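What follows is one structure encoded as structure tokens, with my remarks underneath.
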Amino acid sequence: MKRVYRFGGKEAEGNGQMRNLLGGKGANLAEMCTLGIPVPAGFTITTECCTEYYALGGGYTEELKHDVAEALKATEAIMGKKFGDPKNPLLVSCRSGARSSMPGMMDTILNIGLCSATIPGMIEKTQNPRFVYDAYRRLIMMYSDVVMEKAEGIEPEDGKAIRQQLDKMMEDLKEAKGYKSDTEITAEELKDLAERFKVRIKEVLGVEFPDTAEAQLWGSIGGVFKSWNGKRAIKYRQIEGIPDDWGTAVNVQSMVFGNMGDTSATGVAFSRNPANGDNKFYGEWLINAQGEDVVAGIRTPNPLNNATKSPQNAHLKSLEDAMPDVYKELDDIRMLLEKHFNDMQDIEFTIQEGKLWMLQCRIGKRTGLAALNMAMDMLEEGMIDEKTAVMRVSPAQLDEILHPILDPASEKKATSVAHGLPASPGGAVGTIVFTNADAVKAAAAKKKVILVREETSPEDVEGMRAAAGILTQKGGMTSHAALVARGWGKCCIVGCEDMKINLEKKEVSFKGCDKVFHEGDTFSLNGAKGAVYAEAIETMDASDNPRFVKFMAIADKFRKMGVRTNADNPEDTERALSFGAEGIGLFRIEHMFYGKNSETPLGKLRKMILSKTDDERRAALNELEPYIKASVKGTMKVMDGKPVTFRLLDPPLHEFVPQTEDKKNELAEELHISTRTSPIR
Amino acid sequence: MISETQFRAIFTAAIELKKEGYHPMPEIMIPVTISERELRFQKAICERVRAEVEARLNEHIDYKFGTMIEIPRAALTADRMARTAEFFSFGTNDLTQMTFGFSRDDVSTFMGDYLGNKILDADPFKTLDTKAVGKLVEYAVKNGRATRENLKCGICGEHGGDPASVKFCHRIGLNYVSCSPFRVPIARLAAAQAAIEDEK
């Protein structure tokens with residue numbers, strides 16, 4: 001059994017077909033290498049090793065230890081650095097990678113290999129102590145969170161998680177010094193902060209932060225394996241229907257840095273717009289930052305190019321303008337990847353001192369509308385054939401396209417209280433809640449809610465699932481909330497920076513609006529525009545899209561089975577015909593006795609049921625017959641030339657009459673008939 | 001007597017439409033049947049009423065006579081049911097209810113426990129349980145068609161709009177699925193994808 005697959009230097013032992021073994025991320029890293037795309041060298045530990053790890057009760061085989069050591073040597077040779085070396089240290093990242101992507105569910109640890117033995121060497125080499133200590137404090141924050149707390153199954157109280165405690169220490173420092181941004185913190189302050197972090201970790205978790213590169217690496221590998229069976233990963237698998245026994249691969253990769261000054265940057269991009277499918281390169285980037293800064297939504301990211309600027313980020317410089325050569329190279333890679341994979345790609349990149357590195361590519365998640373538009377565009381571009389186009393839109397995404405949007409006429413009359421980034425389209429109307437638990441609770445009570453959060457984390461997935469719409473104060477188009485909501489086709493607005501939340505009081509207010517809103521107030525969201533309304537707006541469905549009609553016609557070419565509808569009146573029948581129904585498979589005759597205009601036939605039905613003699617019954621039935629005929633005829637007329645299956649009266653007849661003897665007699669008197677004493681069928 | 005009134009209403013409506021220049025295609029379906037004898041009993045009434053209406057209105061009407069298959073006994077005696085029934089429509093809601101012994105009215109109170117403890121992978125009222133309920137459907141289709149080669153088979157439960165269930169229906173050779181109007185495009189796409197996946 002081959003446990004470790006190497007990649008780097010435009011060569012790779014694996015390839016894009018090996019998803020089951022290398023995970024999606026590992027397989028695509030290998031594929032990118034063989035395409036000649038610049039990828040930092042590293043290696044992938046197979047999903048089989050994850051299974052093996054659990055079979056051993058949480059341990060590693062000697063073979064794995066040996067193979068990792070060998071692969072690390074190969075990586076060191078390509079990068080010209082040595083892991084744990086005091087003079088010229090190699091730093092690595094450790095990332096999970098399951099067969100299908102699970103955004104935010106599994107964890108990443110960056111800057112592994114920074115320890116008291118290597119820090120001086122790094123400073124000597126980079127001549128940038130601030131950079132080194134910043135990288136170190138990030139390692140401590142991620143490692144203590146993922147490896148020392150989550151992977152150990154420790155469940156701290158709300159607000160007491162180690163990551164939150166460390167975040168708080170850093171916020172306190174910034175506040176004390178009057179800093180607005182993380183980048184203002186000095187090297188000395190970061191060095192001191194890192195030391196205090198380690199003391200706090202020892203206090204809270206009772207274990208020392210590991211101080212050798214080797215211990216950090218194996219701790220991280222184990223942390224990734226363990227996170228496969230973490231609570232939130234299990235929850236996500238349940239929602240997405242991913243089997244528990246797939247396991248995750250581990251990708252160990254040389255670090256490249258987007259935070260080495262103003263010629264360095266990091267970003268996330270999609271080869272086409274994931275919200276609406278537009279064939280424009282779309283993404284976000286941050287200068288002098290590490291990858292997590294973009295995704296975590298701590299700073300509002302810059303737009304990738306000028307063509308895709310939005311009102312929220314128009315004032316920020318695009319990569320196209322800031323680094324035109326790098327942008328050109330990235331745009332070429334985008335086209336190469338899309339052509340190679342024949343599908344929209346979601347990519348992560350880092351620019352280290354002007355040099356572009358690709359860290360990840362994968363098939364991008366998209367909204368239903370984007371899936372439809374991309375399938376039709378790629379078909380027209382000749383990139384895919386009709387069958388592939390049909391397979392590109394999942395039935396659930398189609399459902400989403402048919403989902404309501406805010407009625408434009410009704411929306412026009414309303415005034416928005418704020419605007420955010422349009423992360424996932426559709427319309428949502430509901431009462432506001434501020435916590436994951438409240439959203440779940442309200443949904444269980446069949447209430448429609450809008451989940452309002454500063455930003456979302458993987459812990460919020462249940463509440464996000466339960467909510468009709470999601471609104472966050474922070475975060476960009478690639479933040480956790482945006483990614484997850486798009487995956488589910490849920491209306492979502494992120495980065496609504498004019499919003500201020502008071503979580504304790506469960507209140508929210510908006511800049512330029514005097515009113516304070518409380519839990520239970522009704523909001524409406526337009527996910528396509530990013531508009532937030534503090535009032536109820538009517539909704540309508542979005543099925544009149546000509547592309548939708550065309551797409552369905554292509555799908556019908558391949559379909560062999562008929563599709564009929566369940567309908568019992570002309571209106572439903574007409575709607576079903578417009579959706580392509582080929583007949584009625586179920587016309588429930590009893591439905592004419594429910595709902596509007598049912599009083600007269602229902603009275604006659606009751607008369608029939610309660611009548612005592614056969615003659616009385618026959619008379620009642622004769623009175624009923626024209627009503628049944630009219631109902632049947634109206635629908636059959638609309639379904640002209642197509643079959644209509646009539647199901648004779650079905651539910652127990654007693655459902656149509658009052659239950660007590662008194663009421664029955666009352667009704668009988670009203671109807672001028674005598675009552676039966678025994679039930680009839 | 002109650003059936004008779006309904007038969008008469010349907011045939012009269014159909015003949016009237018035909019005279020008005022429309023092309024009605026009525027299919028009459030008997031619910032909650034338990035045996036072929038019951039079907040024969042209803043079919044005799046239906047045929048008598050049709051003859052009466054045709055004579056009165058002096059016009060012929062074609063129709064199909066079939067049954068719901070929603071009681072396990074009916075599914076298990078499909079070969080006999082198909083002697084009288086020209087089509088089967090599987091009422092998979094009731095079939096699920098009776099196969100599991102769950103009452104649909106209070107299933108919501110305990111379904112969470114079945115799912116949470118992984119006793120069931122999915123709510124069988126949402127996604128057709130292929131292991132048992134699906135097996136009954138498959139068995140009834142096979143045996144029904146052994147009696148009547150061109151027996152039309154479809155389903156009309158909530159499952160008709162569930163993509164996974166639609167794909168199963170395609171695999172076992174149903175002629176159609178029937179679902180609520182808003183689910184029709186979803187069923188069309190799921191059926192198309194099932195056919196494409198078949199070719200691979």
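Residues are named by chain letter and number: chains run A, B, ... in the order of the structure tokens, numbers start at 1 in each chain, and ligands are numbered from 1 in the order shown.
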Exercise for review: Pick out the residues sitting within 7 Å of Leu128 in chain B, and hand them over as a PyMOL selection string; count only C-alpha atoms, and ignore anything fewer than 4 positions along from it in its own chain.
Suggested key: chain B and resi 124+134+159+165
Write to file, as a tab-separated table (two decimals), in the first residue's frame, the residues of the selection just made, with all heavy atoms.
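Result file again24.tsv:
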chain	number	residue	atom	x	y	z
B	124	PRO	N	-38.54	7.73	5.54
B	124	PRO	CA	-39.12	6.97	4.43
B	124	PRO	C	-40.36	7.64	3.82
B	124	PRO	O	-40.79	7.27	2.74
B	124	PRO	CB	-39.50	5.63	5.07
B	124	PRO	CG	-39.63	5.91	6.51
B	124	PRO	CD	-38.67	7.03	6.82
B	134	GLY	N	-39.86	-0.14	-1.65
B	134	GLY	CA	-39.45	-0.17	-3.06
B	134	GLY	C	-39.51	-1.59	-3.60
B	134	GLY	O	-39.86	-1.82	-4.77
B	159	HIS	N	-43.42	10.91	-2.84
B	159	HIS	CA	-42.13	10.49	-3.39
B	159	HIS	C	-41.94	10.87	-4.85
B	159	HIS	O	-40.82	10.94	-5.32
B	159	HIS	CB	-41.97	8.98	-3.23
B	159	HIS	CG	-42.00	8.52	-1.81
B	159	HIS	ND1	-43.02	7.77	-1.30
B	159	HIS	CD2	-41.15	8.75	-0.80
B	159	HIS	CE1	-42.78	7.53	-0.01
B	159	HIS	NE2	-41.65	8.13	0.31
B	165	SER	N	-36.00	9.23	-5.13
B	165	SER	CA	-37.09	8.29	-5.36
B	165	SER	C	-37.43	8.22	-6.85
B	165	SER	O	-37.73	7.14	-7.38
B	165	SER	CB	-38.33	8.70	-4.57
B	165	SER	OG	-38.01	8.90	-3.21
**Study point:** Residues near Thr99 in chain B, cut-off 9 Å, only C-alpha atoms, skip fewer than 6 positions along chain, as a PyMOL selection string
**Key:** chain B and resi 71-72+132-133
Exercise for review: Find the distance between CA of Ile37 in chain A and CA of Lys82 in chain A and write it in Å to one decimal.
Suggested key: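 These two atoms are separated by 23.3 Å.
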Practice item. Find the residues in chain A near chain B: any atom within 8 Å counts, using only C-alpha atoms. Write them as a PyMOL selection string. Key: chain A and resi 387+390-391+395-396+398-399+402+552+555-567+572-573+575-576+579-581+584-586+618+621-622+625-626+628-630+632-633+636-637+639-650
**Study point:** Option closest in space to Gly430 in chain A, from A:Lys413, A:Lys506, A:Thr522, A:Ser116 [counting only C-alpha atoms]
**Key:**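 The closest residue to Gly430 in chain A is A:Thr522.
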Exercise for review: List every residue of range 40-152 of chain B that DSSP, applied to the backbone of this structure, assigns to strand (DSSP E), and report them as a PyMOL selection string.
Suggested key: chain B and resi 64-69+87-90+152
Same residues, N, CA and C atoms, saved as a JSON list (two decimals), in the first residue's frame:
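What follows is the written file again_3.json:
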[["chain", "number", "residue", "atom", "x", "y", "z"],
["B", 64, "LYS", "N", -59.64, 4.20, -19.12],
["B", 64, "LYS", "CA", -58.85, 3.11, -18.54],
["B", 64, "LYS", "C", -59.32, 2.87, -17.12],
["B", 65, "PHE", "N", -59.30, 1.62, -16.73],
["B", 65, "PHE", "CA", -59.74, 1.25, -15.38],
["B", 65, "PHE", "C", -58.53, 0.69, -14.63],
["B", 66, "GLY", "N", -58.27, 1.27, -13.49],
["B", 66, "GLY", "CA", -57.08, 0.79, -12.76],
["B", 66, "GLY", "C", -57.24, 0.91, -11.26],
["B", 67, "THR", "N", -56.16, 0.67, -10.56],
["B", 67, "THR", "CA", -56.24, 0.67, -9.10],
["B", 67, "THR", "C", -55.03, 1.34, -8.46],
["B", 68, "MET", "N", -55.27, 1.89, -7.30],
["B", 68, "MET", "CA", -54.17, 2.28, -6.44],
["B", 68, "MET", "C", -53.58, 0.99, -5.88],
["B", 69, "ILE", "N", -52.27, 0.97, -5.71],
["B", 69, "ILE", "CA", -51.65, -0.12, -4.94],
["B", 69, "ILE", "C", -51.05, 0.57, -3.72],
["B", 87, "PHE", "N", -54.06, -0.32, -15.17],
["B", 87, "PHE", "CA", -52.90, 0.42, -14.66],
["B", 87, "PHE", "C", -52.84, 0.31, -13.14],
["B", 88, "PHE", "N", -51.62, 0.45, -12.66],
["B", 88, "PHE", "CA", -51.36, 0.52, -11.22],
["B", 88, "PHE", "C", -50.85, 1.92, -10.90],
["B", 89, "SER", "N", -51.35, 2.49, -9.84],
["B", 89, "SER", "CA", -50.73, 3.72, -9.35],
["B", 89, "SER", "C", -50.36, 3.46, -7.89],
["B", 90, "PHE", "N", -49.06, 3.54, -7.63],
["B", 90, "PHE", "CA", -48.60, 3.20, -6.28],
["B", 90, "PHE", "C", -48.78, 4.39, -5.34],
["B", 152, "LYS", "N", -49.71, -0.20, -17.28],
["B", 152, "LYS", "CA", -49.07, 1.10, -17.02],
["B", 152, "LYS", "C", -48.86, 1.24, -15.52]]
Check your understanding: CA of Pro301 in chain A to CA of Leu316 in chain A: how many Å, to one decimal?
Key -> 8.2 Å
Exercise for review: Name all residues at most 12 Å from Asp385 in chain A (count only C-alpha atoms; drop same-chain ones fewer than 6 positions away) and give them as an NGL selection string.
Suggested key: :A and (342 or 375-379 or 391-392 or 554-555)
Please produce a file of those selected residues containing all heavy atoms, as an mmCIF file, in the first residue's frame.
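Contents of part-v1.cif, freshly written:
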data_model
loop_
_atom_site.group_PDB
_atom_site.id
_atom_site.type_symbol
_atom_site.label_atom_id
_atom_site.label_comp_id
_atom_site.auth_asym_id
_atom_site.auth_seq_id
_atom_site.Cartn_x
_atom_site.Cartn_y
_atom_site.Cartn_z
ATOM 1 N N ASN A 342 -13.061 21.439 -17.587
ATOM 2 C CA ASN A 342 -14.360 21.681 -18.212
ATOM 3 C C ASN A 342 -15.447 22.068 -17.226
ATOM 4 O O ASN A 342 -16.608 21.673 -17.361
ATOM 5 C CB ASN A 342 -14.820 20.462 -19.010
ATOM 6 C CG ASN A 342 -13.968 20.252 -20.238
ATOM 7 O OD1 ASN A 342 -13.632 21.216 -20.920
ATOM 8 N ND2 ASN A 342 -13.607 19.012 -20.507
ATOM 9 N N ALA A 375 -24.170 26.015 -17.156
ATOM 10 C CA ALA A 375 -24.408 24.825 -17.981
ATOM 11 C C ALA A 375 -24.787 25.256 -19.395
ATOM 12 O O ALA A 375 -24.266 24.723 -20.383
ATOM 13 C CB ALA A 375 -25.499 23.961 -17.365
ATOM 14 N N MET A 376 -25.664 26.240 -19.507
ATOM 15 C CA MET A 376 -26.112 26.680 -20.829
ATOM 16 C C MET A 376 -24.992 27.424 -21.568
ATOM 17 O O MET A 376 -24.801 27.225 -22.767
ATOM 18 C CB MET A 376 -27.358 27.571 -20.703
ATOM 19 C CG MET A 376 -28.574 26.836 -20.146
ATOM 20 S SD MET A 376 -29.043 25.352 -21.075
ATOM 21 C CE MET A 376 -29.739 26.082 -22.540
ATOM 22 N N ASP A 377 -24.239 28.269 -20.845
ATOM 23 C CA ASP A 377 -23.113 28.978 -21.472
ATOM 24 C C ASP A 377 -22.060 27.996 -21.990
ATOM 25 O O ASP A 377 -21.600 28.104 -23.128
ATOM 26 C CB ASP A 377 -22.422 29.905 -20.460
ATOM 27 C CG ASP A 377 -23.205 31.196 -20.245
ATOM 28 O OD1 ASP A 377 -24.097 31.494 -21.068
ATOM 29 O OD2 ASP A 377 -22.927 31.898 -19.254
ATOM 30 N N MET A 378 -21.682 27.037 -21.139
ATOM 31 C CA MET A 378 -20.617 26.105 -21.520
ATOM 32 C C MET A 378 -21.071 25.212 -22.673
ATOM 33 O O MET A 378 -20.266 24.807 -23.509
ATOM 34 C CB MET A 378 -20.185 25.271 -20.314
ATOM 35 C CG MET A 378 -19.416 26.103 -19.292
ATOM 36 S SD MET A 378 -18.862 25.108 -17.893
ATOM 37 C CE MET A 378 -18.182 26.387 -16.840
ATOM 38 N N LEU A 379 -22.356 24.920 -22.708
ATOM 39 C CA LEU A 379 -22.911 24.157 -23.827
ATOM 40 C C LEU A 379 -22.776 24.983 -25.111
ATOM 41 O O LEU A 379 -22.318 24.484 -26.146
ATOM 42 C CB LEU A 379 -24.381 23.829 -23.542
ATOM 43 C CG LEU A 379 -25.138 23.053 -24.600
ATOM 44 C CD1 LEU A 379 -24.550 21.660 -24.769
ATOM 45 C CD2 LEU A 379 -26.612 22.937 -24.229
ATOM 46 N N MET A 391 -26.521 17.134 -16.529
ATOM 47 C CA MET A 391 -26.029 16.625 -15.241
ATOM 48 C C MET A 391 -25.476 17.746 -14.339
ATOM 49 O O MET A 391 -25.275 17.546 -13.150
ATOM 50 C CB MET A 391 -24.926 15.575 -15.454
ATOM 51 C CG MET A 391 -25.360 14.323 -16.197
ATOM 52 S SD MET A 391 -26.802 13.494 -15.504
ATOM 53 C CE MET A 391 -26.141 12.808 -14.005
ATOM 54 N N ARG A 392 -25.215 18.913 -14.922
ATOM 55 C CA ARG A 392 -24.578 19.999 -14.167
ATOM 56 C C ARG A 392 -25.505 20.716 -13.186
ATOM 57 O O ARG A 392 -25.044 21.466 -12.329
ATOM 58 C CB ARG A 392 -23.989 21.033 -15.133
ATOM 59 C CG ARG A 392 -22.679 20.631 -15.746
ATOM 60 C CD ARG A 392 -21.526 20.768 -14.765
ATOM 61 N NE ARG A 392 -20.336 20.080 -15.239
ATOM 62 C CZ ARG A 392 -19.451 20.612 -16.065
ATOM 63 N NH1 ARG A 392 -19.612 21.837 -16.501
ATOM 64 N NH2 ARG A 392 -18.408 19.907 -16.453
ATOM 65 N N ILE A 554 -33.904 20.398 -23.146
ATOM 66 C CA ILE A 554 -32.762 19.505 -23.398
ATOM 67 C C ILE A 554 -32.856 18.276 -22.498
ATOM 68 O O ILE A 554 -32.665 17.145 -22.934
ATOM 69 C CB ILE A 554 -31.427 20.248 -23.185
ATOM 70 C CG1 ILE A 554 -31.299 21.377 -24.201
ATOM 71 C CG2 ILE A 554 -30.248 19.298 -23.294
ATOM 72 C CD1 ILE A 554 -30.153 22.330 -23.937
ATOM 73 N N ALA A 555 -33.198 18.510 -21.232
ATOM 74 C CA ALA A 555 -33.321 17.382 -20.297
ATOM 75 C C ALA A 555 -34.375 16.394 -20.800
ATOM 76 O O ALA A 555 -34.179 15.170 -20.748
ATOM 77 C CB ALA A 555 -33.691 17.894 -18.904
#
Check your understanding: If you run DSSP on this backbone, which residues of range 212-355 of chain A come out as alpha helix (DSSP H), and could you give them as a PyMOL selection string?
Key -> chain A and resi 213-227+231-240+291-296+319-322+324-341
Point to revise | Which residue of A:Gly222, A:Arg547, A:Val146, A:Val132 approaches Lys191 in chain A most closely, using only C-alpha atoms | key: A:Val132
Study note, to complete from the structure: Pairwise distance, CA of Leu95 in chain B with CA of Thr127 in chain B, equals 12.9 Å
Exercise for review: Tell me which protein, DNA and RNA residues are within 7 Å of range 48-65 of chain A, counting only C-alpha atoms, leaving out same-chain ones fewer than 6 positions away, and put them as a PyMOL selection string.
Suggested key: chain A and resi 3+21+225+247-249
Practice item. Name the residues in contact with range 270-279 of chain A at a cut-off of 9 Å, using only C-alpha atoms, excluding same-chain residues fewer than 5 positions from it; report them as a PyMOL selection string. Key: chain A and resi 308+331+334-335+337-338+343-348+364-375+377+422-425+486+528
Give me a file of those residues, with C-alpha atoms, as a compact mmCIF listing (two decimals), in the first residue's frame.
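Okay, this is what ended up in selection17.txt:
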# COMPACT_ATOMS: atom_id res chain seq x y z
CA THR A 308 -16.52 42.78 -11.26
CA ASP A 331 -6.05 34.88 -15.57
CA ARG A 334 -7.84 30.36 -14.74
CA MET A 335 -8.46 29.66 -18.43
CA LEU A 337 -7.79 25.13 -15.47
CA GLU A 338 -11.31 25.70 -16.75
CA ASP A 343 -16.05 23.26 -15.25
CA MET A 344 -15.99 26.36 -13.11
CA GLN A 345 -13.00 26.37 -10.75
CA ASP A 346 -12.66 27.75 -7.25
CA ILE A 347 -9.00 28.67 -6.72
CA GLU A 348 -6.79 29.91 -3.90
CA GLY A 364 -16.62 25.65 -7.43
CA LYS A 365 -19.87 25.53 -5.55
CA ARG A 366 -22.55 27.67 -7.11
CA THR A 367 -26.11 28.77 -6.75
CA GLY A 368 -28.89 27.14 -8.75
CA LEU A 369 -29.12 30.17 -11.01
CA ALA A 370 -25.36 30.10 -11.63
CA ALA A 371 -25.45 26.33 -12.26
CA LEU A 372 -28.16 26.81 -14.89
CA ASN A 373 -26.45 29.75 -16.58
CA MET A 374 -23.02 28.09 -16.59
CA ALA A 375 -24.41 24.82 -17.98
CA ASP A 377 -23.11 28.98 -21.47
CA PRO A 422 -24.96 39.80 -2.41
CA ALA A 423 -23.52 36.42 -1.40
CA SER A 424 -26.36 34.14 -2.48
CA PRO A 425 -29.47 35.20 -4.39
CA ARG A 486 -24.53 29.25 -1.80
CA ALA A 528 -29.21 39.13 -5.47
